[in-house]
$ cat upload-v4.txt   # compact mmCIF, C-alpha atoms
# COMPACT_ATOMS: atom_id res chain seq x y z
CA MET A 1 -14.19 25.33 34.38
CA ARG A 2 -11.29 23.26 35.74
CA SER A 3 -9.98 22.64 32.25
CA ILE A 4 -9.99 26.37 31.50
CA VAL A 5 -8.04 27.11 34.68
CA PHE A 6 -5.60 24.29 33.86
CA ILE A 7 -5.01 25.66 30.35
CA LEU A 8 -4.50 29.20 31.68
CA LEU A 9 -2.00 27.93 34.25
CA LEU A 10 -0.21 25.90 31.61
CA PHE A 11 0.22 28.89 29.28
CA SER A 12 1.22 31.23 32.08
CA SER A 13 3.87 28.78 33.28
CA TRP A 14 5.31 28.57 29.76
CA SER A 15 5.79 32.33 29.70
CA VAL A 16 7.95 32.02 32.82
CA PHE A 17 10.36 29.83 30.85
CA ALA A 18 10.30 32.03 27.74
CA LYS A 19 13.61 33.79 27.25
CA SER A 20 14.26 36.99 25.36
CA PRO A 21 16.76 36.89 22.47
CA ASP A 22 19.20 38.88 24.62
CA GLN A 23 18.98 36.33 27.45
CA VAL A 24 19.62 33.52 24.97
CA LYS A 25 22.58 35.41 23.48
CA SER A 26 24.09 36.01 26.92
CA ALA A 27 23.81 32.28 27.64
CA PHE A 28 25.39 31.54 24.25
CA LEU A 29 28.30 33.88 25.02
CA PHE A 30 28.90 32.21 28.37
CA GLN A 31 28.78 28.73 26.82
CA ILE A 32 31.00 29.73 23.88
CA ALA A 33 33.68 30.90 26.32
CA LYS A 34 33.80 27.42 27.84
CA PHE A 35 35.03 26.03 24.51
CA VAL A 36 37.73 28.60 23.78
CA GLU A 37 41.24 28.33 25.16
CA PHE A 38 42.66 31.83 25.56
CA THR A 39 46.41 32.38 25.69
CA HIS A 40 47.07 34.33 28.88
CA ASP A 41 50.35 34.83 30.60
CA ASP A 42 48.46 35.10 33.88
CA ILE A 43 46.49 31.89 34.40
CA THR A 44 44.53 33.45 37.29
CA ARG A 45 43.19 36.26 35.09
CA PRO A 46 39.38 36.25 34.80
CA ILE A 47 37.68 35.58 31.48
CA SER A 48 36.65 39.05 30.36
CA PHE A 49 33.56 39.85 28.32
CA CYS A 50 33.48 43.33 26.77
CA PHE A 51 30.27 45.06 25.76
CA TYR A 52 29.45 48.48 24.37
CA ASP A 53 26.25 48.60 26.41
CA LEU A 54 25.57 47.12 29.84
CA GLU A 55 22.04 48.46 30.23
CA TYR A 56 20.53 46.56 27.30
CA GLY A 57 21.43 43.44 25.39
CA PRO A 58 23.41 40.39 26.49
CA GLY A 59 25.77 42.46 28.65
CA ALA A 60 22.88 43.47 30.89
CA PHE A 61 22.32 39.82 31.83
CA LEU A 62 25.97 38.97 32.47
CA LYS A 63 27.10 42.13 34.30
CA ASP A 64 25.79 41.14 37.74
CA ARG A 65 26.62 37.44 37.56
CA ASN A 66 29.88 37.54 39.50
CA GLU A 67 29.37 33.98 40.72
CA LEU A 68 29.76 32.52 37.22
CA GLN A 69 33.00 30.73 36.40
CA ILE A 70 34.50 29.27 33.26
CA ASN A 71 37.01 26.49 33.75
CA LYS A 72 37.46 27.55 37.40
CA LYS A 73 38.10 31.17 36.43
CA PRO A 74 35.74 33.99 37.36
CA ILE A 75 34.18 36.10 34.64
CA LYS A 76 34.56 39.84 34.38
CA VAL A 77 32.22 42.11 32.41
CA ILE A 78 33.71 45.32 31.05
CA LEU A 79 32.03 48.33 29.45
CA VAL A 80 34.07 49.60 26.50
CA LYS A 81 33.84 52.75 24.40
CA LYS A 82 33.05 52.90 20.69
CA SER A 83 36.26 54.80 20.06
CA GLN A 84 38.53 52.03 21.36
CA GLN A 85 40.61 50.23 18.76
CA ILE A 86 40.63 46.45 18.57
CA SER A 87 44.31 46.52 19.61
CA GLU A 88 43.31 48.21 22.89
CA LEU A 89 40.48 45.76 23.45
CA SER A 90 42.75 42.77 22.92
CA GLN A 91 44.71 43.79 26.01
CA VAL A 92 41.68 43.54 28.32
CA CYS A 93 38.95 41.60 26.47
CA ASP A 94 38.83 37.89 25.81
CA ILE A 95 35.44 38.20 24.12
CA THR A 96 34.13 41.42 22.58
CA TYR A 97 30.44 41.48 21.69
CA VAL A 98 29.17 43.94 19.09
CA ASP A 99 25.44 44.56 18.84
CA GLU A 100 24.12 44.66 15.26
CA THR A 101 23.08 48.30 15.66
CA LEU A 102 26.71 49.24 16.39
CA GLU A 103 28.45 47.13 13.75
CA ASN A 104 28.57 49.92 11.15
CA ASP A 105 29.98 52.38 13.70
CA ILE A 106 32.61 50.08 15.17
CA LEU A 107 33.88 47.85 12.36
CA PRO A 108 35.41 50.73 10.33
CA LEU A 109 37.56 51.56 13.37
CA TRP A 110 38.96 48.05 13.34
CA THR A 111 40.08 47.90 9.71
CA ASP A 112 43.64 49.03 10.39
CA THR A 113 44.34 46.62 13.23
CA ILE A 114 43.69 42.93 13.56
CA SER A 115 43.65 41.42 17.01
CA LEU A 116 44.82 37.89 17.39
CA ASP A 117 43.77 37.62 21.03
CA THR A 118 40.13 38.76 21.15
CA LEU A 119 37.18 36.66 20.06
CA THR A 120 34.86 39.14 18.33
CA ILE A 121 31.20 38.17 18.22
CA GLY A 122 28.50 40.07 16.37
CA GLU A 123 24.90 39.53 15.33
CA SER A 124 24.96 39.38 11.53
CA ILE A 125 26.57 37.72 8.55
CA SER A 126 27.93 41.11 7.47
CA PHE A 127 29.90 41.18 10.74
CA LEU A 128 31.66 38.01 9.58
CA GLU A 129 32.21 39.46 6.10
CA ASN A 130 33.89 42.50 7.65
CA GLY A 131 36.37 40.67 9.84
CA GLY A 132 34.36 39.33 12.77
CA ILE A 133 35.08 35.83 13.99
CA ALA A 134 31.64 34.66 15.15
CA SER A 135 28.05 35.83 14.96
CA LEU A 136 24.87 34.97 16.83
CA VAL A 137 22.30 35.32 14.05
CA GLN A 138 18.58 35.26 14.75
CA GLU A 139 16.79 33.09 12.18
CA GLY A 140 13.08 33.10 12.89
CA ASN A 141 12.68 32.11 16.53
CA LYS A 142 16.15 30.52 16.76
CA ILE A 143 19.59 31.94 17.29
CA ARG A 144 22.37 30.23 15.37
CA LEU A 145 26.10 30.45 15.84
CA TYR A 146 28.06 31.23 12.69
CA ILE A 147 31.86 31.16 12.61
CA ASN A 148 34.19 32.58 9.99
CA LYS A 149 36.54 29.61 9.81
CA GLN A 150 39.18 31.54 7.85
CA HIS A 151 39.43 34.18 10.57
CA VAL A 152 39.27 31.83 13.55
CA LEU A 153 42.24 29.83 12.27
CA GLN A 154 44.40 32.99 12.27
CA GLN A 155 43.85 33.75 15.97
CA ASN A 156 46.07 33.02 18.97
CA PHE A 157 43.26 31.40 20.94
CA LYS A 158 42.07 27.89 20.24
CA VAL A 159 38.43 27.02 19.55
CA GLN A 160 37.63 23.47 20.58
CA SER A 161 36.21 21.11 17.99
CA ARG A 162 33.03 20.61 20.05
CA LEU A 163 32.12 24.26 19.48
CA LEU A 164 33.01 24.08 15.80
CA ALA A 165 30.80 21.00 15.43
CA MET A 166 27.68 22.88 16.51
CA ALA A 167 28.38 26.03 14.47
CA LYS A 168 27.58 26.88 10.89
CA PHE A 169 30.43 28.24 8.84
CA TYR A 170 30.57 31.39 6.78
CA PRO A 171 31.64 31.34 4.06
CA ASN A 172 30.75 27.70 3.51

$ encode --input "upload-v4.txt" --output "structure tokens"
Amino acid sequence: MRSIVFILLLFSSWSVFAKSPDQVKSAFLFQIAKFVEFTHDDITRPISFCFYDLEYGPGAFLKDRNELQINKKPIKVILVKKSQQISELSQVCDITYVDETLENDILPLWTDTISLDTLTIGESISFLENGGIASLVQEGNKIRLYINKQHVLQQNFKVQSRLLAMAKFYPN
């Protein structure tokens, strides 16, 4: 009887530590930002994360975390509209996250303008093929960071080598 109770407690405690893919992605986004040097004129400006949805997905986990800081700067979470061009986003967003379900709606709007100031992160390889810089791709029960090295080298921000060392590159 004691062993059954012990096993039940053990499994129930593991579920407390289980994280949803969206929680893992929000943690990834926060950690990624620590290894990117953005070029701001205003050094006191917060690091801004832009999301198309703050009710679901990674944005839902970051939106109420005002206490978080990256390199002694506060973070700011911004809700953006699907209709906004990448050139508009680059004025207010350091990192723009695009959920896989929105990629087909949003990427065609970005074809005419290329931002050199916003780190765009999606959820699929096709996001990288269509101009995205990074993607958090779910492979089985893991989430892997892919970076389009050709695109990241053209940007105004600098990605530290420690982040590049843990990423996979697309195309190889």

$ closest_residue --input "upload-v4.txt" --among "A:Gln160, A:Thr101, A:Phe169, A:Gln155" --to "Glu129 (chain A)" --atoms "only C-alpha atoms"
A:Phe169

$ atom_distance --input "upload-v4.txt" --atom1 "CA of Lys19 (chain A)" --atom2 "CA of Gly57 (chain A)"
12.6 Å

$ atom_distance --input "upload-v4.txt" --atom1 "CA of Asp42 (chain A)" --atom2 "CA of Gln154 (chain A)"
22.1 Å

$ atom_distance --input "upload-v4.txt" --atom1 "CA of Ser26 (chain A)" --atom2 "CA of Gly131 (chain A)"
21.5 Å

$ residues_around --input "upload-v4.txt" --residues "Ile121 (chain A)" --least-positions-apart "2" --cutoff "7 Å" --atoms "all atoms listed in the file" --output "number ranges by chain"
A: 96-98, 119, 132-135

$ residues_around --input "upload-v4.txt" --residues "region 61-73 of chain A" --least-positions-apart "5" --cutoff "10 Å" --atoms "all atoms listed in the file" --output "list in words"
Asp22, Gln23, Val24, Lys25, Ser26, Ala27, Leu29, Phe30, Gln31, Ala33, Lys34, Phe35, Glu37, Ile43, Thr44, Arg45, Pro46, Ile47, Phe49, Cys50, Phe51, Leu54, Glu55, Tyr56, Ile78 and Leu79 of chain A

$ residues_around --input "upload-v4.txt" --residues "Tyr146 (chain A)" --least-positions-apart "5" --cutoff "12 Å" --atoms "only C-alpha atoms" --output "VMD selection string"
chain A and resid 28 32 120 to 129 132 to 139 151 to 152 163 to 172
